[in-house]
Amino acid sequence: MINPLKRGGPAAPVEPTDPEVPRPFTAVAKPELTGGRRIGVLLQHGFTGSPYSMKPWGRALAEKGYAVEVPLLPGHGTQWQDLNSLGWKDWYAETSRAFEKLRDENDAVVVGGLSMGGSLVLRLAADHPDAVAGIVLVNPAVNTARLDVRALPVLKWLVPSFPGIANDIKKPGVEELGYSRTPLKAADSMMREGWRPLRADLARITAPLLFFKSTVDHVVDPTSLEIIRSNVSSRDFTERMLSESYHVATLDNDAQAIFDESADFVRRVASADAG
């Protein structure tokens, strides 16, 4: 979800024509399964992706009794051209809407995200440090080490898109069903309006943090982990390396480990005696 200049990937992305791909996922809390407390979890997909990459995770948490929101970011789940007319402010507004819904309906809220979805929920945690009970990140993006992205502010006016970055998945036969192209105006907004201010505000984040990082990721480079680890103020910070998955780990070989360990994390940080 990050590297707008990455050409190609393990599999060629296709446009998300399946009507199930862009459809958000919502589940209500079942406090009888969670010790009487209503616990909400926000799961946010990433750049050029859709809720499709997060629904298996959302359903797994819903089965544990948690309220779940998996929103569709504006400009996603349709055609890549739509994304070039939108940007970080639009995506953060939709993420905030889902977060506020969970806050209104539940006793505690945990946020989670994949790739750019990770940077969006980190932004929430920085803006609402007293309202986020915990953070779960899967290969989040807040930076890139590539020098060629410096040309993006100019390139975006000359070239509308580059080849897609979806489908970085190790498991055979699995597709993310993200966009076949990477819109450059949208990518520039993500980096300039999203990542840059977020990096400056990471110290405001104090919530417990569970970080899943694939050992091989063809989309997000290791600098994001280093920056997040070094700058957040979270004293409770757990790293979990995923050796059998690439970038879209929520659909890959380690998906069940993400589902199980995040459920344990949510139960711990959102309990009545947490903190």
# chains A, B, ... in the order shown; residues from 1 in each chain; ligands from 1
$ closest_atom_pairs --of "stretch 47-145 of chain A" --to "stretch 22-40 of chain A" --cutoff "7 Å" --atoms "only C-alpha atoms" --output "tab-separated table"
residue	atom	partner	partner_atom	distance
A:Ser50	CA	A:Pro22	CA	5.6
A:Pro51	CA	A:Pro24	CA	5.8
A:Tyr52	CA	A:Pro22	CA	6.7
A:Lys55	CA	A:Phe25	CA	6.6
A:Ala62	CA	A:Ala27	CA	6.1
A:Lys64	CA	A:Leu33	CA	6.6
A:Gly65	CA	A:Lys30	CA	4.5
A:Tyr66	CA	A:Ala29	CA	4.8
A:Ala67	CA	A:Ala29	CA	4.0
A:Val68	CA	A:Ala27	CA	4.9
A:Glu69	CA	A:Thr26	CA	4.8
A:Val70	CA	A:Phe25	CA	4.9
A:Pro71	CA	A:Pro24	CA	5.0
A:Leu72	CA	A:Pro24	CA	5.5
A:Gly77	CA	A:Pro22	CA	4.5
A:Leu102	CA	A:Gly40	CA	5.6
A:Asn106	CA	A:Arg38	CA	4.8
A:Asp107	CA	A:Arg38	CA	5.2
A:Ala108	CA	A:Ile39	CA	5.2
A:Val109	CA	A:Gly40	CA	4.6
A:Val110	CA	A:Gly40	CA	6.3
$ residues_around --residues "A:Gly194" --least-positions-apart "5" --cutoff "12 Å" --atoms "only C-alpha atoms" --output "PDB file with N, CA, C and O atoms, in the first residue's frame"
ATOM      1  N   ILE A   2       2.085   1.213   0.013  1.00  0.00           N
ATOM      2  CA  ILE A   2       2.799   2.436   0.188  1.00  0.00           C
ATOM      3  C   ILE A   2       3.539   2.861  -1.038  1.00  0.00           C
ATOM      4  O   ILE A   2       3.501   3.974  -1.433  1.00  0.00           O
ATOM      5  N   PHE A  47      -4.252   1.647   1.330  1.00  0.00           N
ATOM      6  CA  PHE A  47      -4.249   2.403   0.078  1.00  0.00           C
ATOM      7  C   PHE A  47      -4.436   1.476  -1.118  1.00  0.00           C
ATOM      8  O   PHE A  47      -3.690   0.511  -1.289  1.00  0.00           O
ATOM      9  N   GLY A  87      -8.132  12.449  -1.043  1.00  0.00           N
ATOM     10  CA  GLY A  87      -6.853  12.425  -0.342  1.00  0.00           C
ATOM     11  C   GLY A  87      -6.988  12.095   1.118  1.00  0.00           C
ATOM     12  O   GLY A  87      -8.032  11.639   1.597  1.00  0.00           O
ATOM     13  N   TRP A  88      -5.911  12.320   1.839  1.00  0.00           N
ATOM     14  CA  TRP A  88      -5.791  11.930   3.240  1.00  0.00           C
ATOM     15  C   TRP A  88      -6.943  12.452   4.095  1.00  0.00           C
ATOM     16  O   TRP A  88      -7.483  11.737   4.939  1.00  0.00           O
ATOM     17  N   LYS A  89      -7.326  13.715   3.909  1.00  0.00           N
ATOM     18  CA  LYS A  89      -8.395  14.288   4.730  1.00  0.00           C
ATOM     19  C   LYS A  89      -9.699  13.517   4.559  1.00  0.00           C
ATOM     20  O   LYS A  89     -10.442  13.312   5.524  1.00  0.00           O
ATOM     21  N   ASP A  90      -9.991  13.072   3.345  1.00  0.00           N
ATOM     22  CA  ASP A  90     -11.203  12.295   3.089  1.00  0.00           C
ATOM     23  C   ASP A  90     -11.131  10.933   3.777  1.00  0.00           C
ATOM     24  O   ASP A  90     -12.099  10.476   4.376  1.00  0.00           O
ATOM     25  N   TRP A  91      -9.983  10.291   3.695  1.00  0.00           N
ATOM     26  CA  TRP A  91      -9.825   8.963   4.306  1.00  0.00           C
ATOM     27  C   TRP A  91      -9.855   9.045   5.826  1.00  0.00           C
ATOM     28  O   TRP A  91     -10.457   8.205   6.489  1.00  0.00           O
ATOM     29  N   TYR A  92      -9.232  10.081   6.363  1.00  0.00           N
ATOM     30  CA  TYR A  92      -9.227  10.218   7.818  1.00  0.00           C
ATOM     31  C   TYR A  92     -10.622  10.578   8.340  1.00  0.00           C
ATOM     32  O   TYR A  92     -11.019  10.132   9.422  1.00  0.00           O
ATOM     33  N   MET A 116      -1.585   1.620   4.952  1.00  0.00           N
ATOM     34  CA  MET A 116      -2.061   2.970   5.208  1.00  0.00           C
ATOM     35  C   MET A 116      -3.145   2.974   6.264  1.00  0.00           C
ATOM     36  O   MET A 116      -3.318   3.964   6.993  1.00  0.00           O
ATOM     37  N   GLY A 117      -3.904   1.899   6.369  1.00  0.00           N
ATOM     38  CA  GLY A 117      -4.875   1.799   7.452  1.00  0.00           C
ATOM     39  C   GLY A 117      -4.202   1.903   8.802  1.00  0.00           C
ATOM     40  O   GLY A 117      -4.766   2.445   9.758  1.00  0.00           O
ATOM     41  N   GLY A 118      -2.960   1.401   8.901  1.00  0.00           N
ATOM     42  CA  GLY A 118      -2.202   1.538  10.131  1.00  0.00           C
ATOM     43  C   GLY A 118      -1.862   2.982  10.439  1.00  0.00           C
ATOM     44  O   GLY A 118      -1.945   3.423  11.590  1.00  0.00           O
ATOM     45  N   SER A 119      -1.480   3.744   9.412  1.00  0.00           N
ATOM     46  CA  SER A 119      -1.173   5.152   9.655  1.00  0.00           C
ATOM     47  C   SER A 119      -2.434   5.930  10.020  1.00  0.00           C
ATOM     48  O   SER A 119      -2.387   6.860  10.844  1.00  0.00           O
ATOM     49  N   LEU A 120      -3.561   5.563   9.450  1.00  0.00           N
ATOM     50  CA  LEU A 120      -4.819   6.240   9.794  1.00  0.00           C
ATOM     51  C   LEU A 120      -5.204   6.004  11.252  1.00  0.00           C
ATOM     52  O   LEU A 120      -5.626   6.927  11.954  1.00  0.00           O
ATOM     53  N   VAL A 121      -5.053   4.778  11.743  1.00  0.00           N
ATOM     54  CA  VAL A 121      -5.432   4.535  13.139  1.00  0.00           C
ATOM     55  C   VAL A 121      -4.377   5.078  14.099  1.00  0.00           C
ATOM     56  O   VAL A 121      -4.705   5.444  15.238  1.00  0.00           O
ATOM     57  N   LEU A 122      -3.131   5.164  13.662  1.00  0.00           N
ATOM     58  CA  LEU A 122      -2.133   5.847  14.490  1.00  0.00           C
ATOM     59  C   LEU A 122      -2.488   7.322  14.633  1.00  0.00           C
ATOM     60  O   LEU A 122      -2.309   7.922  15.700  1.00  0.00           O
ATOM     61  N   ARG A 123      -3.012   7.920  13.560  1.00  0.00           N
ATOM     62  CA  ARG A 123      -3.460   9.307  13.627  1.00  0.00           C
ATOM     63  C   ARG A 123      -4.585   9.461  14.648  1.00  0.00           C
ATOM     64  O   ARG A 123      -4.605  10.413  15.433  1.00  0.00           O
ATOM     65  N   LEU A 124      -5.514   8.495  14.645  1.00  0.00           N
ATOM     66  CA  LEU A 124      -6.577   8.516  15.655  1.00  0.00           C
ATOM     67  C   LEU A 124      -5.996   8.455  17.057  1.00  0.00           C
ATOM     68  O   LEU A 124      -6.429   9.183  17.960  1.00  0.00           O
ATOM     69  N   ALA A 141       2.388   1.768   7.404  1.00  0.00           N
ATOM     70  CA  ALA A 141       3.259   2.641   6.627  1.00  0.00           C
ATOM     71  C   ALA A 141       3.204   4.068   7.131  1.00  0.00           C
ATOM     72  O   ALA A 141       2.129   4.659   7.217  1.00  0.00           O
ATOM     73  N   VAL A 142       4.360   4.611   7.474  1.00  0.00           N
ATOM     74  CA  VAL A 142       4.471   6.029   7.822  1.00  0.00           C
ATOM     75  C   VAL A 142       5.648   6.680   7.110  1.00  0.00           C
ATOM     76  O   VAL A 142       5.917   7.860   7.306  1.00  0.00           O
ATOM     77  N   ASN A 143       6.354   5.896   6.280  1.00  0.00           N
ATOM     78  CA  ASN A 143       7.566   6.401   5.650  1.00  0.00           C
ATOM     79  C   ASN A 143       7.980   5.467   4.515  1.00  0.00           C
ATOM     80  O   ASN A 143       7.527   4.328   4.434  1.00  0.00           O
ATOM     81  N   ALA A 186      -3.152  10.719  -5.326  1.00  0.00           N
ATOM     82  CA  ALA A 186      -3.572  10.162  -4.044  1.00  0.00           C
ATOM     83  C   ALA A 186      -2.368   9.704  -3.228  1.00  0.00           C
ATOM     84  O   ALA A 186      -2.320   9.897  -2.004  1.00  0.00           O
ATOM     85  N   ALA A 187      -1.392   9.097  -3.894  1.00  0.00           N
ATOM     86  CA  ALA A 187      -0.191   8.652  -3.183  1.00  0.00           C
ATOM     87  C   ALA A 187       0.563   9.833  -2.585  1.00  0.00           C
ATOM     88  O   ALA A 187       1.058   9.768  -1.454  1.00  0.00           O
ATOM     89  N   ASP A 188       0.644  10.917  -3.327  1.00  0.00           N
ATOM     90  CA  ASP A 188       1.319  12.111  -2.814  1.00  0.00           C
ATOM     91  C   ASP A 188       0.586  12.674  -1.599  1.00  0.00           C
ATOM     92  O   ASP A 188       1.221  13.092  -0.623  1.00  0.00           O
ATOM     93  N   SER A 189      -0.734  12.658  -1.630  1.00  0.00           N
ATOM     94  CA  SER A 189      -1.509  13.131  -0.483  1.00  0.00           C
ATOM     95  C   SER A 189      -1.237  12.267   0.747  1.00  0.00           C
ATOM     96  O   SER A 189      -1.078  12.780   1.859  1.00  0.00           O
ATOM     97  N   ARG A 199       4.300  11.484  11.615  1.00  0.00           N
ATOM     98  CA  ARG A 199       5.617  11.190  12.191  1.00  0.00           C
ATOM     99  C   ARG A 199       5.972  12.193  13.284  1.00  0.00           C
ATOM    100  O   ARG A 199       6.571  11.842  14.298  1.00  0.00           O
ATOM    101  N   ALA A 200       5.594  13.451  13.089  1.00  0.00           N
ATOM    102  CA  ALA A 200       5.893  14.489  14.081  1.00  0.00           C
ATOM    103  C   ALA A 200       5.066  14.327  15.357  1.00  0.00           C
ATOM    104  O   ALA A 200       5.454  14.845  16.412  1.00  0.00           O
ATOM    105  N   ASP A 201       3.941  13.592  15.260  1.00  0.00           N
ATOM    106  CA  ASP A 201       3.030  13.465  16.401  1.00  0.00           C
ATOM    107  C   ASP A 201       3.031  12.086  17.048  1.00  0.00           C
ATOM    108  O   ASP A 201       2.216  11.810  17.933  1.00  0.00           O
TER     109      ASP A 201
END
$ atom_distance --atom1 "atom CA of A:Thr48" --atom2 "atom CA of A:Asn139"
15.0 Å
$ residues_around --residues "A:Asn231" --least-positions-apart "4" --cutoff "8 Å" --atoms "only C-alpha atoms" --output "ChimeraX atom specification"
/A:202-203,227
$ write_last_selection --atoms "all heavy atoms" --output "PDB file, in the first residue's frame"
ATOM      1  N   LEU A 202       3.922  11.201  16.635  1.00  0.00           N
ATOM      2  CA  LEU A 202       3.914   9.840  17.170  1.00  0.00           C
ATOM      3  C   LEU A 202       4.122   9.801  18.683  1.00  0.00           C
ATOM      4  O   LEU A 202       3.605   8.909  19.363  1.00  0.00           O
ATOM      5  CB  LEU A 202       4.987   8.990  16.480  1.00  0.00           C
ATOM      6  CG  LEU A 202       4.677   8.561  15.049  1.00  0.00           C
ATOM      7  CD1 LEU A 202       5.899   7.863  14.435  1.00  0.00           C
ATOM      8  CD2 LEU A 202       3.464   7.631  15.005  1.00  0.00           C
ATOM      9  N   ALA A 203       4.842  10.762  19.221  1.00  0.00           N
ATOM     10  CA  ALA A 203       5.096  10.779  20.665  1.00  0.00           C
ATOM     11  C   ALA A 203       3.820  10.973  21.471  1.00  0.00           C
ATOM     12  O   ALA A 203       3.795  10.664  22.675  1.00  0.00           O
ATOM     13  CB  ALA A 203       6.108  11.868  21.010  1.00  0.00           C
ATOM     14  N   ILE A 227      10.704   3.780  12.801  1.00  0.00           N
ATOM     15  CA  ILE A 227      10.213   5.106  13.191  1.00  0.00           C
ATOM     16  C   ILE A 227       9.127   5.007  14.243  1.00  0.00           C
ATOM     17  O   ILE A 227       9.128   5.747  15.240  1.00  0.00           O
ATOM     18  CB  ILE A 227       9.708   5.862  11.945  1.00  0.00           C
ATOM     19  CG1 ILE A 227      10.889   6.243  11.055  1.00  0.00           C
ATOM     20  CG2 ILE A 227       8.904   7.103  12.336  1.00  0.00           C
ATOM     21  CD1 ILE A 227      10.492   6.782   9.697  1.00  0.00           C
TER      22      ILE A 227
END
$ select_by_dssp --residues "stretch 1-184 of chain A" --states "strand (DSSP E)" --output "ChimeraX atom specification"
/A:25-27,39-44,67-70,108-114,134-138,161-163,181-183
$ atom_distance --atom1 "atom CA of A:Ser161" --atom2 "atom CA of A:Gly112"
28.0 Å
$ closest_residue --among "A:Pro222, A:Pro129, A:Pro208, A:Pro56" --to "A:Ala249" --atoms "only C-alpha atoms"
A:Pro56
$ select_by_dssp --residues "stretch 108-265 of chain A" --states "alpha helix (DSSP H)" --output "VMD selection string"
chain A and resid 116 to 127 152 to 158 184 to 189 196 to 201 223 to 231 255 to 265
$ write_last_selection --atoms "N, CA and C atoms" --output "short mmCIF file (atom, residue, chain, number, x, y, z; two decimals), in the first residue's frame"
data_model
loop_
_atom_site.label_atom_id
_atom_site.label_comp_id
_atom_site.auth_asym_id
_atom_site.auth_seq_id
_atom_site.Cartn_x
_atom_site.Cartn_y
_atom_site.Cartn_z
N MET A 116 -1.59 1.62 4.95
CA MET A 116 -2.06 2.97 5.21
C MET A 116 -3.14 2.97 6.26
N GLY A 117 -3.90 1.90 6.37
CA GLY A 117 -4.87 1.80 7.45
C GLY A 117 -4.20 1.90 8.80
N GLY A 118 -2.96 1.40 8.90
CA GLY A 118 -2.20 1.54 10.13
C GLY A 118 -1.86 2.98 10.44
N SER A 119 -1.48 3.74 9.41
CA SER A 119 -1.17 5.15 9.65
C SER A 119 -2.43 5.93 10.02
N LEU A 120 -3.56 5.56 9.45
CA LEU A 120 -4.82 6.24 9.79
C LEU A 120 -5.20 6.00 11.25
N VAL A 121 -5.05 4.78 11.74
CA VAL A 121 -5.43 4.53 13.14
C VAL A 121 -4.38 5.08 14.10
N LEU A 122 -3.13 5.16 13.66
CA LEU A 122 -2.13 5.85 14.49
C LEU A 122 -2.49 7.32 14.63
N ARG A 123 -3.01 7.92 13.56
CA ARG A 123 -3.46 9.31 13.63
C ARG A 123 -4.58 9.46 14.65
N LEU A 124 -5.51 8.49 14.65
CA LEU A 124 -6.58 8.52 15.66
C LEU A 124 -6.00 8.46 17.06
N ALA A 125 -5.04 7.56 17.26
CA ALA A 125 -4.46 7.38 18.59
C ALA A 125 -3.69 8.62 19.04
N ALA A 126 -3.09 9.33 18.09
CA ALA A 126 -2.40 10.58 18.43
C ALA A 126 -3.38 11.69 18.76
N ASP A 127 -4.50 11.71 18.05
CA ASP A 127 -5.50 12.76 18.26
C ASP A 127 -6.40 12.50 19.45
N LEU A 152 7.55 12.75 -6.80
CA LEU A 152 6.11 12.58 -6.85
C LEU A 152 5.33 13.89 -7.00
N PRO A 153 5.70 14.98 -6.30
CA PRO A 153 4.96 16.23 -6.46
C PRO A 153 4.91 16.74 -7.90
N VAL A 154 5.91 16.40 -8.71
CA VAL A 154 5.92 16.78 -10.12
C VAL A 154 5.30 15.69 -10.98
N LEU A 155 5.68 14.44 -10.72
CA LEU A 155 5.19 13.33 -11.52
C LEU A 155 3.67 13.22 -11.53
N LYS A 156 3.04 13.55 -10.40
CA LYS A 156 1.60 13.38 -10.30
C LYS A 156 0.84 14.24 -11.31
N TRP A 157 1.48 15.32 -11.79
CA TRP A 157 0.84 16.18 -12.80
C TRP A 157 1.14 15.72 -14.21
N LEU A 158 2.12 14.83 -14.35
CA LEU A 158 2.52 14.35 -15.67
C LEU A 158 2.00 12.96 -15.98
N LEU A 184 -1.22 8.54 -8.55
CA LEU A 184 -0.10 9.29 -7.99
C LEU A 184 -0.52 10.52 -7.18
N LYS A 185 -1.59 11.19 -7.57
CA LYS A 185 -2.05 12.33 -6.75
C LYS A 185 -2.47 11.85 -5.37
N ALA A 186 -3.15 10.72 -5.33
CA ALA A 186 -3.57 10.16 -4.04
C ALA A 186 -2.37 9.70 -3.23
N ALA A 187 -1.39 9.10 -3.89
CA ALA A 187 -0.19 8.65 -3.18
C ALA A 187 0.56 9.83 -2.59
N ASP A 188 0.64 10.92 -3.33
CA ASP A 188 1.32 12.11 -2.81
C ASP A 188 0.59 12.67 -1.60
N SER A 189 -0.73 12.66 -1.63
CA SER A 189 -1.51 13.13 -0.48
C SER A 189 -1.24 12.27 0.75
N ARG A 196 3.76 12.67 6.90
CA ARG A 196 4.69 13.68 7.43
C ARG A 196 4.20 14.26 8.76
N PRO A 197 2.97 14.76 8.85
CA PRO A 197 2.50 15.26 10.15
C PRO A 197 2.39 14.16 11.21
N LEU A 198 2.03 12.94 10.79
CA LEU A 198 1.90 11.85 11.75
C LEU A 198 3.24 11.53 12.40
N ARG A 199 4.30 11.48 11.61
CA ARG A 199 5.62 11.19 12.19
C ARG A 199 5.97 12.19 13.28
N ALA A 200 5.59 13.45 13.09
CA ALA A 200 5.89 14.49 14.08
C ALA A 200 5.07 14.33 15.36
N ASP A 201 3.94 13.59 15.26
CA ASP A 201 3.03 13.47 16.40
C ASP A 201 3.03 12.09 17.05
N THR A 223 11.70 0.92 7.44
CA THR A 223 11.85 2.19 8.13
C THR A 223 10.60 2.57 8.93
N SER A 224 9.42 2.12 8.48
CA SER A 224 8.20 2.46 9.22
C SER A 224 8.21 1.84 10.61
N LEU A 225 8.59 0.58 10.71
CA LEU A 225 8.69 -0.06 12.02
C LEU A 225 9.68 0.69 12.91
N GLU A 226 10.84 1.00 12.36
CA GLU A 226 11.87 1.68 13.15
C GLU A 226 11.38 3.03 13.66
N ILE A 227 10.70 3.78 12.80
CA ILE A 227 10.21 5.11 13.19
C ILE A 227 9.13 5.01 14.24
N ILE A 228 8.18 4.09 14.06
CA ILE A 228 7.10 3.94 15.03
C ILE A 228 7.64 3.48 16.37
N ARG A 229 8.47 2.45 16.35
CA ARG A 229 9.04 1.91 17.59
C ARG A 229 9.81 2.98 18.36
N SER A 230 10.55 3.80 17.65
CA SER A 230 11.43 4.78 18.30
C SER A 230 10.71 6.02 18.80
N ASN A 231 9.52 6.28 18.28
CA ASN A 231 8.89 7.57 18.57
C ASN A 231 7.60 7.52 19.36
N ALA A 255 -2.49 -15.28 8.78
CA ALA A 255 -3.72 -14.57 9.14
C ALA A 255 -4.32 -15.07 10.45
N GLN A 256 -4.37 -16.37 10.63
CA GLN A 256 -5.00 -16.90 11.85
C GLN A 256 -4.25 -16.46 13.10
N ALA A 257 -2.93 -16.38 13.01
CA ALA A 257 -2.16 -15.90 14.15
C ALA A 257 -2.51 -14.45 14.47
N ILE A 258 -2.70 -13.63 13.43
CA ILE A 258 -3.13 -12.24 13.64
C ILE A 258 -4.48 -12.21 14.32
N PHE A 259 -5.41 -13.03 13.83
CA PHE A 259 -6.76 -13.04 14.40
C PHE A 259 -6.73 -13.45 15.88
N ASP A 260 -6.03 -14.53 16.18
CA ASP A 260 -6.01 -15.06 17.55
C ASP A 260 -5.28 -14.13 18.51
N GLU A 261 -4.11 -13.66 18.12
CA GLU A 261 -3.31 -12.83 19.02
C GLU A 261 -3.92 -11.45 19.21
N SER A 262 -4.55 -10.92 18.17
CA SER A 262 -5.21 -9.62 18.33
C SER A 262 -6.43 -9.75 19.24
N ALA A 263 -7.14 -10.87 19.16
CA ALA A 263 -8.29 -11.09 20.05
C ALA A 263 -7.83 -11.13 21.51
N ASP A 264 -6.73 -11.80 21.77
CA ASP A 264 -6.18 -11.83 23.13
C ASP A 264 -5.77 -10.44 23.58
N PHE A 265 -5.17 -9.69 22.67
CA PHE A 265 -4.73 -8.32 22.98
C PHE A 265 -5.92 -7.43 23.30
#
$ closest_residue --among "A:Ser233, A:Ser271, A:Met54, A:Val248" --to "A:Pro140" --atoms "only C-alpha atoms"
A:Val248
$ atom_distance --atom1 "atom CA of A:Arg204" --atom2 "atom CA of A:Val220"
23.2 Å
$ closest_residue --among "A:Val138, A:Met191, A:Ala133, A:Val41" --to "A:Ala207" --atoms "only C-alpha atoms"
A:Ala133
